[in-house]
Number of protein chains: 2
Amino acid sequence: MERREFVAAVLAAPFARASTDRSKIYAHIDANLPRHIERIQEYIRQPSVSAENRGIKECAELTRRYLAEAGCTETALIPTPGHPAVWGWLDAGSRKTLAVYWMYDVQPVNESEWTTPPFEARLVPANGWGPDAKMIRGRGAANQKGPERAFLNALESIRAVNGKLPVNLMFVCEGEEELGSPNLPLVVSRYRQRLARADGVLFPFLNLGRDGRASFSLGNKGIVYMELEARGGPQGGPKNAEIHSSQKAQVDSPVWRLVQALASMTDPSGNVIRIEQFRSAIRKPTAREIELFERYLPGYDADAVMRAAGIDRFADSADKREALRRLWFEPSLNIDGVWAGYTGPGTKTILPHKAAAKIDFRLVPDQSAAEIAKLVRKHLDGHGFTDVRVNWWNGYDPSQSDPDSPPVRAALDVCRARGVPVQVALRLAGSAPHYLFTRDLKLPLLSFGLGSGGGAHSRDEFLVVEASEPARDLAFCEKSFVDLLYRFAEI
Amino acid sequence: MERREFVAAVLAAPFARASTDRSKIYAHIDANLPRHIERIQEYIRQPSVSAENRGIKECAELTRRYLAEAGCTETALIPTPGHPAVWGWLDAGSRKTLAVYWMYDVQPVNESEWTTPPFEARLVPANGWGPDAKMIRGRGAANQKGPERAFLNALESIRAVNGKLPVNLMFVCEGEEELGSPNLPLVVSRYRQRLARADGVLFPFLNLGRDGRASFSLGNKGIVYMELEARGGPQGGPKNAEIHSSQKAQVDSPVWRLVQALASMTDPSGNVIRIEQFRSAIRKPTAREIELFERYLPGYDADAVMRAAGIDRFADSADKREALRRLWFEPSLNIDGVWAGYTGPGTKTILPHKAAAKIDFRLVPDQSAAEIAKLVRKHLDGHGFTDVRVNWWNGYDPSQSDPDSPPVRAALDVCRARGVPVQVALRLAGSAPHYLFTRDLKLPLLSFGLGSGGGAHSRDEFLVVEASEPARDLAFCEKSFVDLLYRFAEI
């Protein structure tokens, strides 16, 4: 309760009693819950693994059909150089319009690791979520088909009871989120003028933790993900194949070049980035952001973070405040992988002809991915590492939504009305393509949905759908979407 | 011929006509060649893959039996913590004693890559070695069972004709050369007092190149091979598993630590070693060594070296002289392999909990492997990399034999008598356990045998045994051993 009060004090607008009597809608949801669960199962059962182009076409079409069934008067499959996107427009005759960002693709699965087959979407006991709790276990249950289909279920109940929705909706659905959204800029750009008329963006989500609290974040760090490679070539080093390591005395080593190039980008601790002008675009945190930080800090469970990460201490032995400050306000540079030469047991004496690494930068406002990628190339060249190639890179800019924007205010009001304590993070350290809305279209974006799930990108992904505690079941989540739409319409 | 003359000028002692008439021995070799070839095949057919403990016990016993059959009055299997060694003593009543260093183990094979099964030791056409040339193809044919068994064949012919050998022989045979000779120091130490009475050491070898020239080298660089590893631990970083890379902002990265630790050991080019005191034990080349270098340099085919290595230029664009100087007189530090995290296609955003690298130093006199290993640890600690572990290391000291020592003089005399041009390298950049003889026992060691073969450590290893050109067949090789023993006895 303490947290809820602080959130109310900091963020919430005065809560007005919703003008529409929603009890009939709630009753419709309760009465149709088995059917709603089935529809989520149905969506999951259509595989849509973007990395393997598995079921993508079918799932794009299914998504388009769902939007049409939900009341969109206009739907379209949008071809891209990759997987198709889906567009939907639902005109409710409202003065308020909510855009919905949507992904219909899912992560690959390693089926042998799953307790039940990932595309069976089986209804199974939800251990740890209370007596008689049940979950749907399947790929996409949490990330993101579960909450997305739950959102459509909510729409259908509103329309079944009221005939029409309180807000207009624009759906932007991509099938390449798990690939880094390479074509989302194209799609957003195509609908740019129409999207610009929206008042905010919703990403259907699962905000409820096992402790019954809701966590929101108002933005994401940006990311630049790169593959660097050094190979023998005109500048030296073996061009065709590894050679005997005794030749190192007279032959350049591409592995050394890569290692030295990497090392030139940080200090010896690996925690301070030493790329020229790297920090020049970083803006200072605003007073409002600092306020949010100070409010968030006391509830930040550093011990739990450390336990989950399996660390004995934060980088540079930072305390809790400094650790959170870095997570929110500092960029980072990570080596995701590096490889060269012989990596088996024992000894093999070779001078490899190539070496590569994958690295990722996390960016804070107002750094941009394209600019950072340029600075990396400039840094490499400036330090004489012209032989180190950037094989490819992709990235997102940072995204940030105003804590006082309509969708955020609406969501907080819903939580308050439903008695759900809320924790609001300025931003996640993770990355998302949300900047296409928040930065390019100046639209606030909120990931919202008072449901529970987990296992995204992992085995046994799940969505809790039945629970003895009412606030834990799918109906509660769907009702939160109903509330959000009505509240958003009022603000 | 030019080369032969230069060698004669630089190295050869006045050549005395051998005091013993060896024509009967030569004839015995010629008459028994088919049987001699069979014996080599027999030795190869007994697998002895030390890395897989395949046939080791049987091959040790076979080797012991061979030594007994060759006339050793004393033979013994010597247990070690690893594979057994074999000792043999042949008392010829001579005032001269030659020790023979021997390896009975072979490299592992990837059978599917071989044209004929590696342990069948099949007699097949030797393409490229002249019309009607034949070779034995099999694992160990060149490295080292072929020349070793050829040496025993020579001994048996001498004894069959003359009854006794011109020199006493001490055999030190190990079954772990391909594992880095971990227990050879133990074995040499056990026979230290007896070995100290020898006048030199022979390693049966194949010195003849396809061009008909013989190449000798009088030493080897030393080596320190190490595996370095950084892991999350009390000092920071994830201890148990990889975590999401977005946490880099607040979590130390073991990969960065390893990369920075490696980078601290060289300059940015990767060609200059920056470990404190690393060069302090290096002695200056002697006048004799510089003389050898100057004589060798004109015949050093830098273009061929570059072609074979697939390089467009030597390190730091060194010219031929500097490249050879580095190969002979400069130590080196190589990264044989490095690995961490995700190395597959595309992106995966993880902060790995461990990273490792395999590195090797090549050492020149009077650096010692143990001392360099200590300096590496000291360097890491001194630069704050106490978290970077040396998982294990092993190594050899450099070895060096005097160009004017009896076995070298004898070998050069044999070549001169047989009209074989010779190229003498001060040392190979590769490494071998020969320092146990040259450094610890002060015995000159020569790798010798006027035979041809190739494919060591690779597929389709071979020994040329029949050729229309007499200097290319097994008989020529065996006769060169006969000559060597008689010449060695005289010097």
# chains A, B, ... in the order shown; residues from 1 in each chain; ligands from 1
call {"tool": "select_by_dssp", "arguments": {"residues": "range 383-444 of chain A", "states": "strand (DSSP E)", "output": "MDAnalysis selection string"}}
result
chainID A and resid 388:396 399:400 422:425
call {"tool": "write_last_selection", "arguments": {"atoms": "C-alpha atoms", "output": "mmCIF file, in the first residue's frame"}}
result
data_model
loop_
_atom_site.group_PDB
_atom_site.id
_atom_site.type_symbol
_atom_site.label_atom_id
_atom_site.label_comp_id
_atom_site.auth_asym_id
_atom_site.auth_seq_id
_atom_site.Cartn_x
_atom_site.Cartn_y
_atom_site.Cartn_z
ATOM 1 C CA VAL A 388 38.691 -4.787 -38.093
ATOM 2 C CA ARG A 389 35.428 -5.006 -39.973
ATOM 3 C CA VAL A 390 31.903 -4.360 -38.814
ATOM 4 C CA ASN A 391 30.191 -7.293 -40.519
ATOM 5 C CA TRP A 392 26.744 -5.938 -39.745
ATOM 6 C CA TRP A 393 24.901 -3.991 -37.122
ATOM 7 C CA ASN A 394 21.335 -3.273 -36.164
ATOM 8 C CA GLY A 395 19.775 -1.276 -33.405
ATOM 9 C CA TYR A 396 17.042 0.700 -31.758
ATOM 10 C CA SER A 399 12.376 5.292 -26.206
ATOM 11 C CA GLN A 400 10.823 7.377 -23.467
ATOM 12 C CA VAL A 422 2.272 -0.065 -8.800
ATOM 13 C CA GLN A 423 5.968 0.404 -9.313
ATOM 14 C CA VAL A 424 6.941 2.773 -12.131
ATOM 15 C CA ALA A 425 10.381 2.521 -13.684
#
call {"tool": "select_by_dssp", "arguments": {"residues": "range 14-143 of chain B", "states": "helix (DSSP H, G or I)", "output": "MDAnalysis selection string"}}
result
chainID B and resid 23:31 33:45 50:52 56:69 111:113
call {"tool": "write_last_selection", "arguments": {"atoms": "C-alpha atoms", "output": "PDB file, in the first residue's frame"}}
result
ATOM      1  CA  SER B  23      79.402 -52.082 -48.897  1.00  0.00           C
ATOM      2  CA  LYS B  24      78.316 -55.429 -47.424  1.00  0.00           C
ATOM      3  CA  ILE B  25      76.008 -53.663 -45.027  1.00  0.00           C
ATOM      4  CA  TYR B  26      74.520 -51.635 -47.887  1.00  0.00           C
ATOM      5  CA  ALA B  27      74.009 -54.821 -49.860  1.00  0.00           C
ATOM      6  CA  HIS B  28      72.307 -56.446 -46.899  1.00  0.00           C
ATOM      7  CA  ILE B  29      69.922 -53.489 -46.677  1.00  0.00           C
ATOM      8  CA  ASP B  30      69.167 -53.663 -50.397  1.00  0.00           C
ATOM      9  CA  ALA B  31      68.550 -57.387 -50.223  1.00  0.00           C
ATOM     10  CA  LEU B  33      64.340 -53.998 -48.262  1.00  0.00           C
ATOM     11  CA  PRO B  34      60.944 -55.733 -48.670  1.00  0.00           C
ATOM     12  CA  ARG B  35      61.301 -57.136 -45.167  1.00  0.00           C
ATOM     13  CA  HIS B  36      62.389 -53.731 -43.841  1.00  0.00           C
ATOM     14  CA  ILE B  37      59.326 -52.138 -45.378  1.00  0.00           C
ATOM     15  CA  GLU B  38      57.152 -54.795 -43.746  1.00  0.00           C
ATOM     16  CA  ARG B  39      58.623 -54.058 -40.368  1.00  0.00           C
ATOM     17  CA  ILE B  40      57.727 -50.397 -40.696  1.00  0.00           C
ATOM     18  CA  GLN B  41      54.210 -51.400 -41.714  1.00  0.00           C
ATOM     19  CA  GLU B  42      54.036 -53.685 -38.710  1.00  0.00           C
ATOM     20  CA  TYR B  43      55.020 -50.882 -36.350  1.00  0.00           C
ATOM     21  CA  ILE B  44      52.431 -48.522 -37.853  1.00  0.00           C
ATOM     22  CA  ARG B  45      49.710 -51.186 -37.696  1.00  0.00           C
ATOM     23  CA  SER B  50      48.397 -41.286 -26.794  1.00  0.00           C
ATOM     24  CA  ALA B  51      45.522 -38.801 -26.590  1.00  0.00           C
ATOM     25  CA  GLU B  52      43.024 -41.671 -26.706  1.00  0.00           C
ATOM     26  CA  ILE B  56      49.626 -47.571 -26.038  1.00  0.00           C
ATOM     27  CA  LYS B  57      50.366 -50.543 -23.796  1.00  0.00           C
ATOM     28  CA  GLU B  58      50.778 -52.861 -26.768  1.00  0.00           C
ATOM     29  CA  CYS B  59      52.998 -50.418 -28.625  1.00  0.00           C
ATOM     30  CA  ALA B  60      55.219 -49.856 -25.595  1.00  0.00           C
ATOM     31  CA  GLU B  61      55.756 -53.604 -25.372  1.00  0.00           C
ATOM     32  CA  LEU B  62      56.343 -53.860 -29.129  1.00  0.00           C
ATOM     33  CA  THR B  63      58.927 -51.082 -28.918  1.00  0.00           C
ATOM     34  CA  ARG B  64      60.672 -52.860 -26.047  1.00  0.00           C
ATOM     35  CA  ARG B  65      60.734 -56.075 -28.049  1.00  0.00           C
ATOM     36  CA  TYR B  66      62.155 -54.241 -31.095  1.00  0.00           C
ATOM     37  CA  LEU B  67      64.989 -52.880 -28.950  1.00  0.00           C
ATOM     38  CA  ALA B  68      65.761 -56.350 -27.602  1.00  0.00           C
ATOM     39  CA  GLU B  69      65.744 -57.814 -31.124  1.00  0.00           C
ATOM     40  CA  GLU B 111      39.679 -41.749 -40.387  1.00  0.00           C
ATOM     41  CA  SER B 112      37.047 -40.380 -42.735  1.00  0.00           C
ATOM     42  CA  GLU B 113      39.589 -37.902 -44.121  1.00  0.00           C
TER      43      GLU B 113
END
call {"tool": "residues_around", "arguments": {"residues": "Lys320 in chain A", "least_positions_apart": "2", "cutoff": "6 Å", "atoms": "only C-alpha atoms", "output": "MDAnalysis selection string"}}
result
chainID A and resid 302 322:323
call {"tool": "write_last_selection", "arguments": {"atoms": "N, CA and C atoms", "output": "CSV table (one decimal), in the first residue's frame"}}
result
chain,number,residue,atom,x,y,z
A,302,ALA,N,17.6,-4.5,-4.5
A,302,ALA,CA,19.0,-4.8,-5.1
A,302,ALA,C,19.4,-6.3,-4.8
A,322,GLU,N,23.8,3.6,-6.8
A,322,GLU,CA,24.6,3.8,-8.0
A,322,GLU,C,24.3,2.7,-9.1
A,323,ALA,N,24.0,1.5,-8.6
A,323,ALA,CA,23.6,0.4,-9.5
A,323,ALA,C,22.4,0.8,-10.3
call {"tool": "residues_around", "arguments": {"residues": "Phe476 in chain B", "least_positions_apart": "6", "cutoff": "9 Å", "atoms": "only C-alpha atoms", "output": "list of chain:residue names"}}
result
B:Tyr26, B:Leu450, B:Gly451, B:Pro470
call {"tool": "closest_residue", "arguments": {"among": "B:Asn168, B:Pro254, B:Arg159, B:Thr115", "to": "Ala92 in chain B", "atoms": "only C-alpha atoms"}}
result
B:Asn168
call {"tool": "decode", "arguments": {"residues": "range 228-343 of chain B", "atoms": "C-alpha atoms", "output": "PDB file, in the first residue's frame"}}
result
ATOM      1  CA  LEU B 228      43.413 -18.449 -19.282  1.00  0.00           C
ATOM      2  CA  GLU B 229      39.928 -18.065 -17.923  1.00  0.00           C
ATOM      3  CA  ALA B 230      37.807 -15.318 -16.405  1.00  0.00           C
ATOM      4  CA  ARG B 231      34.650 -16.182 -14.522  1.00  0.00           C
ATOM      5  CA  GLY B 232      32.182 -14.312 -12.387  1.00  0.00           C
ATOM      6  CA  GLY B 233      33.064 -14.580  -8.710  1.00  0.00           C
ATOM      7  CA  PRO B 234      33.511 -12.677  -5.471  1.00  0.00           C
ATOM      8  CA  GLN B 235      35.121  -9.832  -7.422  1.00  0.00           C
ATOM      9  CA  GLY B 236      32.014  -9.417  -9.577  1.00  0.00           C
ATOM     10  CA  GLY B 237      30.309 -10.781 -12.675  1.00  0.00           C
ATOM     11  CA  PRO B 238      27.661 -13.503 -12.959  1.00  0.00           C
ATOM     12  CA  LYS B 239      28.791 -16.672 -11.197  1.00  0.00           C
ATOM     13  CA  ASN B 240      26.358 -19.291 -12.393  1.00  0.00           C
ATOM     14  CA  ALA B 241      25.103 -18.582 -15.869  1.00  0.00           C
ATOM     15  CA  GLU B 242      24.884 -15.969 -18.556  1.00  0.00           C
ATOM     16  CA  ILE B 243      22.484 -13.108 -17.852  1.00  0.00           C
ATOM     17  CA  HIS B 244      20.682 -10.607 -20.060  1.00  0.00           C
ATOM     18  CA  SER B 245      23.120  -8.208 -21.655  1.00  0.00           C
ATOM     19  CA  SER B 246      21.060  -5.180 -20.659  1.00  0.00           C
ATOM     20  CA  GLN B 247      22.439  -5.703 -17.158  1.00  0.00           C
ATOM     21  CA  LYS B 248      25.948  -4.817 -18.289  1.00  0.00           C
ATOM     22  CA  ALA B 249      25.394  -1.263 -17.022  1.00  0.00           C
ATOM     23  CA  GLN B 250      25.520  -2.565 -13.469  1.00  0.00           C
ATOM     24  CA  VAL B 251      27.288  -5.937 -13.738  1.00  0.00           C
ATOM     25  CA  ASP B 252      30.956  -6.739 -14.417  1.00  0.00           C
ATOM     26  CA  SER B 253      31.729  -8.821 -17.475  1.00  0.00           C
ATOM     27  CA  PRO B 254      34.216 -11.715 -17.296  1.00  0.00           C
ATOM     28  CA  VAL B 255      34.605 -11.431 -21.079  1.00  0.00           C
ATOM     29  CA  TRP B 256      35.783  -7.846 -20.815  1.00  0.00           C
ATOM     30  CA  ARG B 257      38.192  -8.868 -18.089  1.00  0.00           C
ATOM     31  CA  LEU B 258      39.718 -11.588 -20.231  1.00  0.00           C
ATOM     32  CA  VAL B 259      39.930  -9.341 -23.290  1.00  0.00           C
ATOM     33  CA  GLN B 260      41.567  -6.566 -21.283  1.00  0.00           C
ATOM     34  CA  ALA B 261      43.961  -9.000 -19.615  1.00  0.00           C
ATOM     35  CA  LEU B 262      45.007 -10.392 -22.981  1.00  0.00           C
ATOM     36  CA  ALA B 263      45.324  -6.931 -24.496  1.00  0.00           C
ATOM     37  CA  SER B 264      47.587  -5.825 -21.644  1.00  0.00           C
ATOM     38  CA  MET B 265      50.149  -8.399 -22.745  1.00  0.00           C
ATOM     39  CA  THR B 266      50.951  -6.884 -26.157  1.00  0.00           C
ATOM     40  CA  ASP B 267      50.979  -3.550 -27.911  1.00  0.00           C
ATOM     41  CA  PRO B 268      48.053  -2.735 -30.243  1.00  0.00           C
ATOM     42  CA  SER B 269      49.745  -4.490 -33.168  1.00  0.00           C
ATOM     43  CA  GLY B 270      49.773  -7.749 -31.233  1.00  0.00           C
ATOM     44  CA  ASN B 271      53.437  -8.115 -32.154  1.00  0.00           C
ATOM     45  CA  VAL B 272      55.264  -6.564 -29.197  1.00  0.00           C
ATOM     46  CA  ILE B 273      55.061  -8.363 -25.877  1.00  0.00           C
ATOM     47  CA  ARG B 274      54.519  -6.058 -22.922  1.00  0.00           C
ATOM     48  CA  ILE B 275      55.073  -8.383 -20.022  1.00  0.00           C
ATOM     49  CA  GLU B 276      57.521  -7.005 -17.480  1.00  0.00           C
ATOM     50  CA  GLN B 277      60.941  -8.740 -17.463  1.00  0.00           C
ATOM     51  CA  PHE B 278      59.820 -10.940 -20.335  1.00  0.00           C
ATOM     52  CA  ARG B 279      63.030 -10.319 -22.262  1.00  0.00           C
ATOM     53  CA  SER B 280      65.456 -10.261 -19.379  1.00  0.00           C
ATOM     54  CA  ALA B 281      66.629 -13.875 -19.782  1.00  0.00           C
ATOM     55  CA  ILE B 282      67.182 -13.607 -23.534  1.00  0.00           C
ATOM     56  CA  ARG B 283      70.857 -13.988 -24.341  1.00  0.00           C
ATOM     57  CA  LYS B 284      72.445 -12.312 -27.330  1.00  0.00           C
ATOM     58  CA  PRO B 285      73.047 -14.444 -30.409  1.00  0.00           C
ATOM     59  CA  THR B 286      76.612 -15.697 -30.483  1.00  0.00           C
ATOM     60  CA  ALA B 287      78.963 -14.788 -33.301  1.00  0.00           C
ATOM     61  CA  ARG B 288      78.624 -18.370 -34.546  1.00  0.00           C
ATOM     62  CA  GLU B 289      74.821 -18.064 -34.559  1.00  0.00           C
ATOM     63  CA  ILE B 290      74.980 -14.793 -36.463  1.00  0.00           C
ATOM     64  CA  GLU B 291      77.345 -16.401 -38.936  1.00  0.00           C
ATOM     65  CA  LEU B 292      74.869 -19.258 -39.403  1.00  0.00           C
ATOM     66  CA  PHE B 293      72.092 -16.721 -39.902  1.00  0.00           C
ATOM     67  CA  GLU B 294      74.006 -14.788 -42.538  1.00  0.00           C
ATOM     68  CA  ARG B 295      74.833 -17.998 -44.376  1.00  0.00           C
ATOM     69  CA  TYR B 296      71.273 -19.241 -44.188  1.00  0.00           C
ATOM     70  CA  LEU B 297      69.567 -15.987 -45.183  1.00  0.00           C
ATOM     71  CA  PRO B 298      70.324 -15.993 -48.950  1.00  0.00           C
ATOM     72  CA  GLY B 299      68.728 -19.434 -49.310  1.00  0.00           C
ATOM     73  CA  TYR B 300      65.723 -18.530 -47.175  1.00  0.00           C
ATOM     74  CA  ASP B 301      62.787 -18.607 -49.566  1.00  0.00           C
ATOM     75  CA  ALA B 302      60.615 -15.906 -48.044  1.00  0.00           C
ATOM     76  CA  ASP B 303      58.196 -15.982 -50.963  1.00  0.00           C
ATOM     77  CA  ALA B 304      57.596 -19.686 -50.469  1.00  0.00           C
ATOM     78  CA  VAL B 305      57.067 -19.139 -46.748  1.00  0.00           C
ATOM     79  CA  MET B 306      54.549 -16.385 -47.460  1.00  0.00           C
ATOM     80  CA  ARG B 307      52.745 -18.479 -50.044  1.00  0.00           C
ATOM     81  CA  ALA B 308      52.502 -21.442 -47.690  1.00  0.00           C
ATOM     82  CA  ALA B 309      51.223 -19.270 -44.860  1.00  0.00           C
ATOM     83  CA  GLY B 310      48.807 -17.419 -47.117  1.00  0.00           C
ATOM     84  CA  ILE B 311      50.119 -14.007 -46.101  1.00  0.00           C
ATOM     85  CA  ASP B 312      50.602 -10.903 -48.228  1.00  0.00           C
ATOM     86  CA  ARG B 313      53.269  -9.530 -45.922  1.00  0.00           C
ATOM     87  CA  PHE B 314      55.195 -10.418 -42.805  1.00  0.00           C
ATOM     88  CA  ALA B 315      54.286  -8.855 -39.479  1.00  0.00           C
ATOM     89  CA  ASP B 316      54.974  -5.124 -39.399  1.00  0.00           C
ATOM     90  CA  SER B 317      55.837  -5.410 -43.099  1.00  0.00           C
ATOM     91  CA  ALA B 318      59.200  -6.914 -42.144  1.00  0.00           C
ATOM     92  CA  ASP B 319      61.556  -7.731 -44.995  1.00  0.00           C
ATOM     93  CA  LYS B 320      63.035 -11.181 -45.495  1.00  0.00           C
ATOM     94  CA  ARG B 321      66.012 -10.576 -43.213  1.00  0.00           C
ATOM     95  CA  GLU B 322      63.906  -9.205 -40.391  1.00  0.00           C
ATOM     96  CA  ALA B 323      61.310 -11.962 -40.816  1.00  0.00           C
ATOM     97  CA  LEU B 324      63.950 -14.667 -40.470  1.00  0.00           C
ATOM     98  CA  ARG B 325      65.607 -12.821 -37.608  1.00  0.00           C
ATOM     99  CA  ARG B 326      62.315 -12.770 -35.710  1.00  0.00           C
ATOM    100  CA  LEU B 327      61.639 -16.412 -36.468  1.00  0.00           C
ATOM    101  CA  TRP B 328      65.016 -17.448 -35.075  1.00  0.00           C
ATOM    102  CA  PHE B 329      65.820 -14.905 -32.406  1.00  0.00           C
ATOM    103  CA  GLU B 330      62.569 -13.358 -31.201  1.00  0.00           C
ATOM    104  CA  PRO B 331      60.034 -14.815 -28.792  1.00  0.00           C
ATOM    105  CA  SER B 332      56.364 -14.558 -29.689  1.00  0.00           C
ATOM    106  CA  LEU B 333      52.955 -14.592 -28.068  1.00  0.00           C
ATOM    107  CA  ASN B 334      50.040 -16.095 -29.950  1.00  0.00           C
ATOM    108  CA  ILE B 335      46.337 -16.564 -29.217  1.00  0.00           C
ATOM    109  CA  ASP B 336      45.486 -20.086 -30.332  1.00  0.00           C
ATOM    110  CA  GLY B 337      41.849 -19.767 -29.420  1.00  0.00           C
ATOM    111  CA  VAL B 338      39.417 -17.583 -27.511  1.00  0.00           C
ATOM    112  CA  TRP B 339      35.795 -18.186 -26.714  1.00  0.00           C
ATOM    113  CA  ALA B 340      32.881 -16.805 -24.758  1.00  0.00           C
ATOM    114  CA  GLY B 341      29.144 -16.461 -24.972  1.00  0.00           C
ATOM    115  CA  TYR B 342      27.105 -16.634 -28.131  1.00  0.00           C
ATOM    116  CA  THR B 343      28.901 -17.479 -31.342  1.00  0.00           C
TER     117      THR B 343
END
